[in-house]
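Everything below belongs to final_34.csv, which stores CSV, C-alpha atoms and all ligand atoms.
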```csv
chain,number,residue,atom,x,y,z
K,261,MET,CA,0.0,0.0,0.0
K,262,LYS,CA,1.2,3.5,-0.8
K,263,SER,CA,0.3,6.5,1.3
K,264,PHE,CA,-1.5,9.6,-0.1
K,265,ARG,CA,1.7,11.5,0.6
K,266,SER,CA,4.0,9.3,-1.6
K,267,THR,CA,1.3,9.2,-4.3
K,268,LEU,CA,1.1,13.0,-4.3
K,269,ALA,CA,4.9,13.1,-4.6
K,270,LEU,CA,4.7,10.9,-7.6
K,271,PHE,CA,2.1,13.1,-9.2
K,272,LYS,CA,4.2,16.2,-8.6
K,273,GLN,CA,7.3,14.5,-10.0
K,274,TYR,CA,6.0,13.6,-13.4
K,275,GLN,CA,4.3,15.6,-16.2
K,276,THR,CA,2.0,13.4,-18.3
K,277,PHE,CA,-0.8,11.2,-17.1
K,278,ALA,CA,-3.2,8.7,-18.5
K,279,ILE,CA,-6.3,7.7,-16.5
K,280,SER,CA,-8.6,4.7,-17.2
K,281,THR,CA,-11.2,2.6,-15.5
K,282,HIS,CA,-13.1,-0.7,-16.0
K,283,VAL,CA,-15.2,-1.7,-19.0
K,284,ASN,CA,-18.9,-0.6,-18.9
K,285,PRO,CA,-17.9,2.4,-16.7
K,286,ASP,CA,-20.5,3.4,-14.0
K,287,GLY,CA,-21.0,6.6,-12.1
K,288,ASP,CA,-18.2,5.9,-9.7
K,289,ALA,CA,-15.7,5.1,-12.5
K,290,ILE,CA,-16.5,8.2,-14.5
K,291,GLY,CA,-17.0,10.5,-11.5
K,292,SER,CA,-13.6,9.4,-10.1
K,293,GLU,CA,-11.8,9.8,-13.4
K,294,LEU,CA,-13.1,13.3,-14.0
K,295,ALA,CA,-12.4,14.5,-10.4
K,296,LEU,CA,-8.8,13.2,-10.6
K,297,TYR,CA,-8.4,14.7,-14.0
K,298,LEU,CA,-9.4,18.1,-12.7
K,299,PHE,CA,-7.1,17.8,-9.8
K,300,LEU,CA,-4.1,16.9,-12.0
K,301,GLU,CA,-4.9,19.7,-14.3
K,302,LYS,CA,-4.8,22.1,-11.4
K,303,LEU,CA,-1.3,20.7,-10.7
K,304,GLY,CA,-0.4,21.8,-14.2
K,305,LYS,CA,-0.1,18.3,-15.6
K,306,THR,CA,-1.0,17.0,-19.1
K,307,VAL,CA,-3.8,14.5,-18.5
K,308,ARG,CA,-5.9,12.3,-20.8
K,309,ILE,CA,-8.6,9.8,-20.0
K,310,PHE,CA,-9.1,6.7,-22.1
K,311,ASN,CA,-12.0,4.3,-21.7
K,312,THR,CA,-12.9,1.1,-23.5
K,313,ASP,CA,-16.6,1.9,-23.4
K,314,PRO,CA,-18.3,5.2,-24.0
K,315,VAL,CA,-19.8,7.4,-21.3
K,316,PRO,CA,-23.4,6.4,-20.8
K,317,GLU,CA,-25.9,9.1,-21.7
K,318,LYS,CA,-27.0,9.5,-18.1
K,319,TYR,CA,-23.5,10.7,-17.1
K,320,GLN,CA,-23.3,13.2,-20.0
K,321,PHE,CA,-24.3,16.0,-17.6
K,322,LEU,CA,-21.0,15.8,-15.7
K,323,PRO,CA,-18.5,18.6,-16.4
K,324,TYR,CA,-15.8,17.7,-18.9
K,325,TRP,CA,-17.3,14.3,-19.8
K,326,GLU,CA,-16.5,15.1,-23.4
K,327,ASN,CA,-12.8,15.0,-22.6
K,328,ILE,CA,-13.0,11.2,-22.0
K,329,GLU,CA,-11.5,9.6,-25.1
K,330,ASN,CA,-12.1,6.2,-26.6
K,331,ALA,CA,-9.5,3.4,-26.5
K,332,GLU,CA,-8.1,4.0,-30.1
K,333,ALA,CA,-7.1,7.6,-29.1
K,334,ALA,CA,-4.5,6.0,-26.8
K,335,SER,CA,-2.5,4.8,-29.7
K,336,ASP,CA,-0.5,8.0,-30.0
K,337,PHE,CA,0.0,8.8,-26.3
K,338,CYS,CA,2.6,7.5,-23.9
K,339,SER,CA,2.3,8.9,-20.4
K,340,ASP,CA,4.8,9.0,-17.5
K,341,VAL,CA,2.1,7.6,-15.2
K,342,LEU,CA,-1.0,5.5,-15.7
K,343,ILE,CA,-3.7,5.7,-13.1
K,344,ILE,CA,-6.3,2.9,-13.1
K,345,LEU,CA,-9.5,3.6,-11.1
K,346,ASP,CA,-12.2,1.4,-9.7
K,347,ALA,CA,-10.9,-1.7,-11.5
K,348,SER,CA,-10.1,-4.7,-9.4
K,349,SER,CA,-7.6,-6.1,-11.9
K,350,ARG,CA,-5.6,-4.6,-14.8
K,351,GLU,CA,-7.6,-6.8,-17.3
K,352,ARG,CA,-10.8,-5.0,-16.3
K,353,ILE,CA,-9.8,-1.9,-18.3
K,354,GLY,CA,-10.2,-3.9,-21.5
K,355,ASN,CA,-7.8,-5.8,-23.7
K,356,PHE,CA,-6.8,-3.1,-26.1
K,357,LEU,CA,-6.0,-0.5,-23.4
K,358,ARG,CA,-4.3,-3.1,-21.2
K,359,LYS,CA,-1.8,-3.6,-24.0
K,360,ARG,CA,-1.6,0.0,-25.2
K,361,LEU,CA,-1.4,2.0,-22.0
K,362,LEU,CA,2.2,1.3,-20.9
K,363,PRO,CA,3.5,4.2,-18.8
K,364,MET,CA,7.2,5.2,-18.7
K,365,HIS,CA,7.4,5.3,-14.9
K,366,ALA,CA,4.5,4.0,-12.8
K,367,VAL,CA,1.1,2.4,-12.6
K,368,VAL,CA,-1.2,3.8,-9.8
K,369,ASN,CA,-4.1,1.6,-8.8
K,370,ILE,CA,-6.9,3.2,-6.7
K,371,ASP,CA,-9.8,0.9,-5.8
K,372,HIS,CA,-12.3,-0.1,-3.1
K,373,HIS,CA,-13.2,-3.6,-4.2
K,374,THR,CA,-12.7,-6.4,-1.6
K,375,THR,CA,-11.3,-8.5,-4.4
K,376,ALA,CA,-8.9,-5.7,-5.6
K,377,LYS,CA,-5.5,-6.9,-6.8
K,378,ALA,CA,-2.4,-4.9,-6.0
K,379,PHE,CA,-1.4,-4.8,-9.7
K,380,GLY,CA,0.1,-1.3,-9.6
K,381,ASP,CA,3.4,0.1,-8.6
K,382,TYR,CA,1.4,2.3,-6.3
K,383,ASN,CA,-1.7,0.7,-4.8
K,384,ILE,CA,-4.3,2.6,-2.8
K,385,ILE,CA,-6.9,0.0,-1.9
K,386,GLU,CA,-9.6,0.8,0.7
K,387,PRO,CA,-12.3,-1.9,0.8
K,388,ALA,CA,-14.0,0.1,3.6
K,389,ALA,CA,-14.6,3.1,1.3
K,390,SER,CA,-18.0,3.4,-0.2
K,391,SER,CA,-16.6,4.1,-3.6
K,392,THR,CA,-13.5,5.0,-5.5
K,393,ALA,CA,-14.8,8.6,-5.5
K,394,GLU,CA,-14.7,8.6,-1.7
K,395,ILE,CA,-11.0,7.6,-1.8
K,396,ILE,CA,-10.3,10.3,-4.4
K,397,TYR,CA,-12.1,12.8,-2.2
K,398,LYS,CA,-9.9,11.9,0.8
K,399,PHE,CA,-6.8,12.0,-1.4
K,400,ILE,CA,-7.5,15.5,-2.7
K,401,ARG,CA,-8.5,16.7,0.8
K,402,SER,CA,-5.0,15.6,2.0
K,403,THR,CA,-3.4,18.0,-0.5
K,404,ASP,CA,-3.5,21.8,-0.5
K,405,ILE,CA,-5.6,21.9,-3.7
K,406,ALA,CA,-9.3,22.8,-3.1
K,407,ILE,CA,-12.2,20.8,-4.6
K,408,ASP,CA,-14.1,23.1,-6.9
K,409,GLU,CA,-17.7,23.0,-8.1
K,410,ALA,CA,-16.9,20.7,-11.0
K,411,GLY,CA,-14.9,18.3,-8.9
K,412,ALA,CA,-17.6,18.2,-6.3
K,413,VAL,CA,-20.5,17.1,-8.5
K,414,CYS,CA,-18.2,14.4,-10.1
K,415,LEU,CA,-17.3,13.0,-6.7
K,416,TYR,CA,-20.8,13.2,-5.4
K,417,THR,CA,-22.1,11.3,-8.4
K,418,GLY,CA,-19.6,8.6,-7.9
K,419,MET,CA,-20.4,8.2,-4.2
K,420,MET,CA,-24.2,8.4,-4.9
K,421,PHE,CA,-24.0,5.7,-7.6
K,422,ASP,CA,-22.0,3.2,-5.6
K,423,THR,CA,-24.1,3.5,-2.5
K,424,GLY,CA,-27.4,3.2,-4.4
K,425,CYS,CA,-28.2,6.8,-3.4
K,426,PHE,CA,-26.8,6.3,0.1
K,427,ARG,CA,-29.1,3.3,0.8
K,428,PHE,CA,-26.5,0.5,0.9
K,429,SER,CA,-24.5,-0.6,3.9
K,430,ASN,CA,-21.3,0.9,2.4
K,431,ALA,CA,-22.7,4.4,3.1
K,432,THR,CA,-21.1,5.2,6.4
K,433,PRO,CA,-21.7,8.4,8.6
K,434,GLU,CA,-18.5,9.7,7.0
K,435,THR,CA,-19.9,9.0,3.5
K,436,HIS,CA,-22.9,11.1,4.4
K,437,ARG,CA,-20.7,13.9,5.9
K,438,ILE,CA,-18.6,14.0,2.7
K,439,ALA,CA,-21.7,14.0,0.5
K,440,ALA,CA,-23.1,17.0,2.5
K,441,GLU,CA,-19.8,18.9,2.1
K,442,LEU,CA,-19.8,18.2,-1.7
K,443,ILE,CA,-23.3,19.5,-2.1
K,444,GLU,CA,-22.3,22.7,-0.4
K,445,ILE,CA,-19.1,23.1,-2.5
K,446,GLY,CA,-20.8,22.0,-5.8
K,447,LYS,CA,-24.0,24.1,-5.4
K,448,PHE,CA,-25.9,21.5,-7.4
K,449,ALA,CA,-29.3,20.1,-6.6
K,450,PRO,CA,-28.9,16.5,-5.3
K,451,ASP,CA,-32.4,15.7,-6.5
K,452,GLU,CA,-31.4,16.6,-10.1
K,453,VAL,CA,-28.3,14.4,-9.9
K,454,TYR,CA,-30.5,11.6,-8.6
K,455,ARG,CA,-33.0,12.0,-11.4
K,456,GLN,CA,-30.2,12.1,-14.0
K,457,VAL,CA,-28.6,9.0,-12.7
K,458,PHE,CA,-31.5,6.8,-11.5
K,459,GLU,CA,-34.7,8.1,-13.1
K,460,GLN,CA,-34.2,8.8,-16.7
K,461,VAL,CA,-35.2,5.3,-17.5
K,462,PRO,CA,-36.0,4.7,-21.2
K,463,LEU,CA,-39.4,3.0,-21.9
K,464,SER,CA,-37.6,0.2,-23.6
K,465,LYS,CA,-35.7,-0.6,-20.4
K,466,MET,CA,-39.0,-0.8,-18.5
K,467,HIS,CA,-40.4,-3.2,-21.0
K,468,LEU,CA,-37.2,-5.4,-20.5
K,469,LEU,CA,-37.6,-5.2,-16.8
K,470,GLY,CA,-41.2,-6.4,-17.1
K,471,GLN,CA,-40.1,-9.4,-19.2
K,472,THR,CA,-37.2,-10.1,-16.9
K,473,LEU,CA,-39.3,-10.2,-13.7
K,474,ARG,CA,-41.5,-12.8,-15.3
K,475,THR,CA,-38.5,-15.1,-15.4
K,476,LEU,CA,-38.1,-14.9,-11.6
K,477,GLU,CA,-37.4,-18.2,-9.8
K,478,LEU,CA,-36.7,-19.0,-6.2
K,479,THR,CA,-35.4,-21.9,-4.2
K,480,PRO,CA,-38.1,-23.6,-2.1
K,481,ASP,CA,-37.0,-21.8,1.0
K,482,GLY,CA,-37.0,-18.5,-0.9
K,483,LYS,CA,-33.4,-17.6,0.1
K,484,ILE,CA,-32.0,-17.6,-3.4
K,485,GLY,CA,-33.7,-15.7,-6.2
K,486,TRP,CA,-32.7,-15.3,-9.8
K,487,VAL,CA,-33.8,-13.8,-13.1
K,488,ARG,CA,-32.5,-14.2,-16.6
K,489,VAL,CA,-32.1,-11.9,-19.6
K,490,THR,CA,-31.7,-13.5,-23.0
K,491,GLN,CA,-30.5,-12.1,-26.3
K,492,ALA,CA,-34.0,-12.6,-27.6
K,493,MET,CA,-35.4,-10.4,-24.8
K,494,LEU,CA,-32.8,-7.7,-25.6
K,495,ASN,CA,-33.7,-7.8,-29.3
K,496,ASP,CA,-37.4,-7.9,-28.6
K,497,THR,CA,-37.3,-4.8,-26.5
K,498,ASP,CA,-34.6,-3.0,-28.5
K,499,THR,CA,-32.3,-2.8,-25.4
K,500,THR,CA,-28.7,-3.6,-24.7
K,501,LEU,CA,-26.7,-5.1,-21.9
K,502,ASP,CA,-26.3,-1.7,-20.2
K,503,ASP,CA,-30.1,-1.6,-19.7
K,504,VAL,CA,-29.9,-4.6,-17.4
K,505,GLU,CA,-28.1,-2.5,-14.7
K,506,GLY,CA,-30.1,-2.5,-11.5
K,507,PHE,CA,-32.4,-5.4,-12.3
K,508,VAL,CA,-30.7,-7.6,-9.7
K,509,ASN,CA,-31.6,-5.1,-7.0
K,510,GLN,CA,-35.3,-5.9,-7.7
K,511,VAL,CA,-34.7,-9.5,-6.8
K,512,GLN,CA,-32.8,-8.6,-3.7
K,513,ALA,CA,-35.7,-6.4,-2.6
K,514,ILE,CA,-37.9,-9.5,-2.2
K,515,ASP,CA,-38.6,-10.4,1.4
K,516,GLY,CA,-36.6,-13.4,2.5
K,517,VAL,CA,-34.1,-13.4,-0.4
K,518,ASP,CA,-30.5,-13.8,0.9
K,519,VAL,CA,-28.7,-14.0,-2.5
K,520,ALA,CA,-30.1,-12.4,-5.6
K,521,ILE,CA,-28.7,-13.4,-9.1
K,522,CYS,CA,-29.3,-11.8,-12.5
K,523,VAL,CA,-27.8,-13.7,-15.5
K,524,CYS,CA,-27.6,-12.2,-18.9
K,525,GLU,CA,-26.9,-14.1,-22.1
K,526,LEU,CA,-24.1,-12.5,-24.0
K,527,ALA,CA,-24.0,-12.3,-27.8
K,528,ASP,CA,-21.2,-15.0,-27.8
K,529,GLY,CA,-23.5,-17.4,-25.8
K,530,ASN,CA,-21.6,-16.9,-22.5
K,531,THR,CA,-23.1,-15.4,-19.4
K,532,LYS,CA,-22.7,-12.1,-17.5
K,533,VAL,CA,-23.7,-12.4,-13.8
K,534,SER,CA,-24.7,-9.9,-11.2
K,535,LEU,CA,-24.9,-11.0,-7.6
K,536,ARG,CA,-26.3,-9.2,-4.5
K,537,SER,CA,-26.4,-10.3,-0.9
K,538,ALA,CA,-28.7,-9.2,2.0
K,539,GLY,CA,-25.7,-9.6,4.3
K,540,ASN,CA,-25.5,-13.3,5.3
K,541,VAL,CA,-23.4,-14.4,2.3
K,542,ASP,CA,-20.2,-12.9,1.0
K,543,VAL,CA,-21.0,-12.7,-2.8
K,544,ALA,CA,-17.5,-11.3,-3.6
K,545,ALA,CA,-16.3,-14.8,-2.5
K,546,LEU,CA,-19.0,-16.4,-4.5
K,547,ALA,CA,-18.1,-14.4,-7.6
K,548,ALA,CA,-14.4,-15.2,-7.1
K,549,GLU,CA,-15.2,-18.9,-7.5
K,550,PHE,CA,-16.1,-18.0,-11.1
K,551,ASP,CA,-13.1,-15.6,-11.5
K,552,GLY,CA,-15.2,-12.5,-10.8
K,553,GLY,CA,-15.1,-10.2,-7.9
K,554,GLY,CA,-16.5,-7.1,-6.3
K,555,HIS,CA,-17.8,-6.4,-2.8
K,556,GLU,CA,-19.3,-8.5,0.0
K,557,ARG,CA,-22.8,-7.4,-0.9
K,558,ALA,CA,-22.5,-6.7,-4.6
K,559,SER,CA,-20.4,-8.6,-7.1
K,560,GLY,CA,-20.2,-10.0,-10.6
K,561,CYS,CA,-18.5,-12.3,-13.0
K,562,ARG,CA,-18.5,-13.7,-16.5
K,563,ILE,CA,-19.0,-17.4,-17.0
K,564,GLU,CA,-18.1,-19.2,-20.2
K,565,LEU,CA,-21.3,-21.3,-20.2
K,566,PRO,CA,-24.8,-20.8,-21.5
K,567,ILE,CA,-27.1,-19.1,-19.0
K,568,THR,CA,-29.1,-22.2,-17.9
K,569,THR,CA,-25.9,-24.1,-17.0
K,570,ALA,CA,-24.4,-21.0,-15.4
K,571,ILE,CA,-27.6,-20.6,-13.2
K,572,LYS,CA,-27.4,-24.2,-12.0
K,573,ARG,CA,-23.7,-23.7,-10.9
K,574,LEU,CA,-24.4,-20.4,-9.3
K,575,VAL,CA,-27.4,-21.6,-7.3
K,576,THR,CA,-25.5,-24.7,-6.2
K,577,SER,CA,-22.6,-22.5,-5.0
K,578,ALA,CA,-24.9,-20.0,-3.4
K,579,GLN,CA,-26.6,-22.8,-1.5
K,580,LEU,CA,-23.3,-24.0,-0.2
K,581,HIS,CA,-22.5,-20.5,1.1
K,582,ILE,CA,-25.9,-20.3,2.8
K,583,ASP,CA,-25.6,-23.7,4.4
K,584,GLU,CA,-22.1,-22.8,5.7
K,585,ASN,CA,-23.5,-19.7,7.3
K,586,GLY,CA,-26.1,-21.7,9.1
X,1,LIG,P1,-22.8,-5.1,-11.2
X,1,LIG,O1,-23.5,-6.3,-10.8
X,1,LIG,O2,-23.4,-3.9,-10.8
X,1,LIG,O3,-22.4,-5.2,-12.7
X,1,LIG,O4,-21.4,-5.2,-10.4
X,1,LIG,C1,-21.4,-5.3,-9.0
X,1,LIG,C2,-20.0,-5.2,-8.6
X,1,LIG,O5,-19.3,-6.4,-9.0
X,1,LIG,C3,-19.1,-4.1,-9.1
X,1,LIG,O6,-18.4,-3.6,-8.0
X,1,LIG,C4,-18.2,-4.6,-10.1
X,1,LIG,O7,-17.0,-4.0,-10.1
X,1,LIG,C5,-18.1,-6.1,-9.7
X,1,LIG,N1,-18.1,-6.9,-11.0
X,1,LIG,C6,-19.1,-7.0,-11.9
X,1,LIG,N2,-18.7,-7.9,-12.9
X,1,LIG,C7,-17.4,-8.2,-12.6
X,1,LIG,C8,-16.5,-9.1,-13.3
X,1,LIG,O8,-16.8,-9.7,-14.3
X,1,LIG,N3,-15.3,-9.2,-12.7
X,1,LIG,C9,-15.0,-8.6,-11.5
X,1,LIG,N4,-13.7,-8.8,-11.0
X,1,LIG,N5,-15.8,-7.8,-10.8
X,1,LIG,C10,-17.1,-7.6,-11.4
X,2,MN,MN,-16.8,1.6,-7.5
```
This entry written out as structure tokens:
Amino acid sequence: MKSFRSTLALFKQYQTFAISTHVNPDGDAIGSELALYLFLEKLGKTVRIFNTDPVPEKYQFLPYWENIENAEAASDFCSDVLIILDASSRERIGNFLRKRLLPMHAVVNIDHHTTAKAFGDYNIIEPAASSTAEIIYKFIRSTDIAIDEAGAVCLYTGMMFDTGCFRFSNATPETHRIAAELIEIGKFAPDEVYRQVFEQVPLSKMHLLGQTLRTLELTPDGKIGWVRVTQAMLNDTDTTLDDVEGFVNQVQAIDGVDVAICVCELADGNTKVSLRSAGNVDVAALAAEFDGGGHERASGCRIELPITTAIKRLVTSAQLHIDENG
């Protein structure tokens, strides 16, 4: 682990920086990238952000989001330092960027996943933090550079997203205090950020949710619940994998469900999995059995099997975890 102080010294020492994050970036990934980008610019650095996947429309209200570049743009850029945010492994930034983003001096890894690997030369891993944005907040606060309005809304959005709007168990009293401070600094309306991130649901997504909930199955004791999304359902409702975000939470909301599972059939026939836990089962450990990862209560993985087989394996594993925990 590196301290904030030595990481700041590294940032001051070098001039050019590349920032990246995991594939299918979420609010925490994008908010953290933009806040750190603004911070490094204030230090007078040359900074570029490269992501494998585009910025989802709901985050296109964040200041400077247009400065986030696609992976191909990284071809002509070699930085002194590469900073990878919110990605529990280096592979999570996507294959092309993993091979292309090779810094001259150091890789900095900032993350809050319990399954985070220390793949960087500098690793700041804080599984107790609600979000990567919360770590970035603390880092910037440890310096003499102030967080401005733009930085505040980016950090708030990251924290808000990863805590499910401050509902999940990762939202500590400190998270709430930081959020309050960011609202004061940023002068934005929290309800508008909430609407932007959680409530601009396209009608097509609602149709997909309707179809998905009809696939709900539960174990006889009701402790494991799962839904499935097929390619046919995506085609039928004119939606994409991105639209499946959040569906697993609907399963977790069912009274008595300990482990909620959402499986999604990928175009190549394999399966993308989202897992949620009510608290009795560590779903990061469950996902790790399938080479995935995440947090104790929210995790995911990809399984190279068709959805029906994947579901069987997942439910069997989840059952073992439940049995172990009495
Ligand atoms: P979600 O279900 O919302 O896609 O992801 C929940 C959590 O699990 C996130 O923190 C995410 O980083 C992690 N996660 C999701 N999919 C994967 C995966 O394929 N590999 C790893 N290591 N983590 C994942
Ligand atoms: Mn995160």
Taking all atoms listed in the file into account, which residues have an atom no farther than 10 Å from ligand MN 2 (chain X)? I'd like them as an mmCIF file with C-alpha atoms, in the frame of the given file.
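Below is the file pocket-v6.cif, written as the result:
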```cif
data_model
loop_
_atom_site.group_PDB
_atom_site.id
_atom_site.type_symbol
_atom_site.label_atom_id
_atom_site.label_comp_id
_atom_site.auth_asym_id
_atom_site.auth_seq_id
_atom_site.Cartn_x
_atom_site.Cartn_y
_atom_site.Cartn_z
ATOM 1 C CA THR K 281 -11.200 2.600 -15.500
ATOM 2 C CA HIS K 282 -13.100 -0.700 -16.000
ATOM 3 C CA PRO K 285 -17.900 2.400 -16.700
ATOM 4 C CA ASP K 286 -20.500 3.400 -14.000
ATOM 5 C CA GLY K 287 -21.000 6.600 -12.100
ATOM 6 C CA ASP K 288 -18.200 5.900 -9.700
ATOM 7 C CA ALA K 289 -15.700 5.100 -12.500
ATOM 8 C CA ILE K 290 -16.500 8.200 -14.500
ATOM 9 C CA GLY K 291 -17.000 10.500 -11.500
ATOM 10 C CA SER K 292 -13.600 9.400 -10.100
ATOM 11 C CA LEU K 345 -9.500 3.600 -11.100
ATOM 12 C CA ASP K 346 -12.200 1.400 -9.700
ATOM 13 C CA ALA K 347 -10.900 -1.700 -11.500
ATOM 14 C CA SER K 348 -10.100 -4.700 -9.400
ATOM 15 C CA ASP K 371 -9.800 0.900 -5.800
ATOM 16 C CA HIS K 372 -12.300 -0.100 -3.100
ATOM 17 C CA HIS K 373 -13.200 -3.600 -4.200
ATOM 18 C CA ALA K 389 -14.600 3.100 1.300
ATOM 19 C CA SER K 390 -18.000 3.400 -0.200
ATOM 20 C CA SER K 391 -16.600 4.100 -3.600
ATOM 21 C CA THR K 392 -13.500 5.000 -5.500
ATOM 22 C CA ALA K 393 -14.800 8.600 -5.500
ATOM 23 C CA GLU K 394 -14.700 8.600 -1.700
ATOM 24 C CA GLY K 418 -19.600 8.600 -7.900
ATOM 25 C CA MET K 419 -20.400 8.200 -4.200
ATOM 26 C CA PHE K 421 -24.000 5.700 -7.600
ATOM 27 C CA ASP K 422 -22.000 3.200 -5.600
ATOM 28 C CA THR K 423 -24.100 3.500 -2.500
ATOM 29 C CA GLY K 554 -16.500 -7.100 -6.300
ATOM 30 C CA HIS K 555 -17.800 -6.400 -2.800
#
```
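Each of K:Ala558, K:Ile438, K:Phe399, K:Gly529 was compared to K:Val541 using all atoms listed in the file, and K:Ala558 turns out to be the nearest.
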Shell of 12 Å around K:Ala513, all atoms listed in the file, local chain residues under 6 positions omitted, as a ChimeraX atom specification: /K:483-486,506-507,519-521,536-538
Selected residue, from K:Ala570, K:Leu501, K:Leu442, K:Ala578, that lies nearest to ligand LIG 1 (chain X) when counting only C-alpha atoms and all ligand atoms: K:Leu501
Residues proximal to (1.4, 6.7, -27.1) were defined as those with any atom within 10 Å of that point in the file's coordinates, counting all atoms listed in the file. Which are they, as an mmCIF file with C-alpha atoms, in the coordinates of the input?
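The file below, result-v2.cif, is the result:
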```
data_model
loop_
_atom_site.group_PDB
_atom_site.id
_atom_site.type_symbol
_atom_site.label_atom_id
_atom_site.label_comp_id
_atom_site.auth_asym_id
_atom_site.auth_seq_id
_atom_site.Cartn_x
_atom_site.Cartn_y
_atom_site.Cartn_z
ATOM 1 C CA ALA K 278 -3.200 8.700 -18.500
ATOM 2 C CA ALA K 333 -7.100 7.600 -29.100
ATOM 3 C CA ALA K 334 -4.500 6.000 -26.800
ATOM 4 C CA SER K 335 -2.500 4.800 -29.700
ATOM 5 C CA ASP K 336 -0.500 8.000 -30.000
ATOM 6 C CA PHE K 337 0.000 8.800 -26.300
ATOM 7 C CA CYS K 338 2.600 7.500 -23.900
ATOM 8 C CA SER K 339 2.300 8.900 -20.400
ATOM 9 C CA ARG K 360 -1.600 0.000 -25.200
ATOM 10 C CA LEU K 361 -1.400 2.000 -22.000
ATOM 11 C CA LEU K 362 2.200 1.300 -20.900
ATOM 12 C CA PRO K 363 3.500 4.200 -18.800
#
```
Shell of 10 Å around K:Leu268, all atoms listed in the file, local chain residues under 2 positions omitted, as a list in words: Ser263, Phe264, Arg265, Ser266, Leu270, Phe271, Lys272, Gln273, Phe399, Ile400, Ser402 and Thr403 of chain K
Quick one: write out the picked residues with C-alpha atoms as a CSV table (one decimal), in the coordinates of the input?
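To be explicit, this is the file written out as again_8.csv:
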```csv
chain,number,residue,atom,x,y,z
K,263,SER,CA,0.3,6.5,1.3
K,264,PHE,CA,-1.5,9.6,-0.1
K,265,ARG,CA,1.7,11.5,0.6
K,266,SER,CA,4.0,9.3,-1.6
K,270,LEU,CA,4.7,10.9,-7.6
K,271,PHE,CA,2.1,13.1,-9.2
K,272,LYS,CA,4.2,16.2,-8.6
K,273,GLN,CA,7.3,14.5,-10.0
K,399,PHE,CA,-6.8,12.0,-1.4
K,400,ILE,CA,-7.5,15.5,-2.7
K,402,SER,CA,-5.0,15.6,2.0
K,403,THR,CA,-3.4,18.0,-0.5
```
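Excluding K:Arg358 itself and any same-chain residue fewer than 4 positions from it, the protein and nucleic acid residues within 10 Å of it, counting only C-alpha atoms, are Ser280, Thr312, Ala331, Arg350, Glu351, Arg352, Ile353, Gly354 and Leu362 of chain K.
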Selected residues, C-alpha atoms, written as an mmCIF file, in the frame of the given file, please.
```cif
data_model
loop_
_atom_site.group_PDB
_atom_site.id
_atom_site.type_symbol
_atom_site.label_atom_id
_atom_site.label_comp_id
_atom_site.auth_asym_id
_atom_site.auth_seq_id
_atom_site.Cartn_x
_atom_site.Cartn_y
_atom_site.Cartn_z
ATOM 1 C CA SER K 280 -8.600 4.700 -17.200
ATOM 2 C CA THR K 312 -12.900 1.100 -23.500
ATOM 3 C CA ALA K 331 -9.500 3.400 -26.500
ATOM 4 C CA ARG K 350 -5.600 -4.600 -14.800
ATOM 5 C CA GLU K 351 -7.600 -6.800 -17.300
ATOM 6 C CA ARG K 352 -10.800 -5.000 -16.300
ATOM 7 C CA ILE K 353 -9.800 -1.900 -18.300
ATOM 8 C CA GLY K 354 -10.200 -3.900 -21.500
ATOM 9 C CA LEU K 362 2.200 1.300 -20.900
#
```
Interatomic distance (Å, one decimal) between atom CA of K:Thr276 and atom CA of K:Ile385: 23.0 Å
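Across the model, the gap from atom CA of K:Asp503 to atom CA of K:Lys465 is 5.7 Å.
Closest approach to ligand LIG 1 (chain X) from the set K:Ala410, K:Val367, K:Val508, K:Leu478 is made by K:Val508, with distances taken over all atoms listed in the file.
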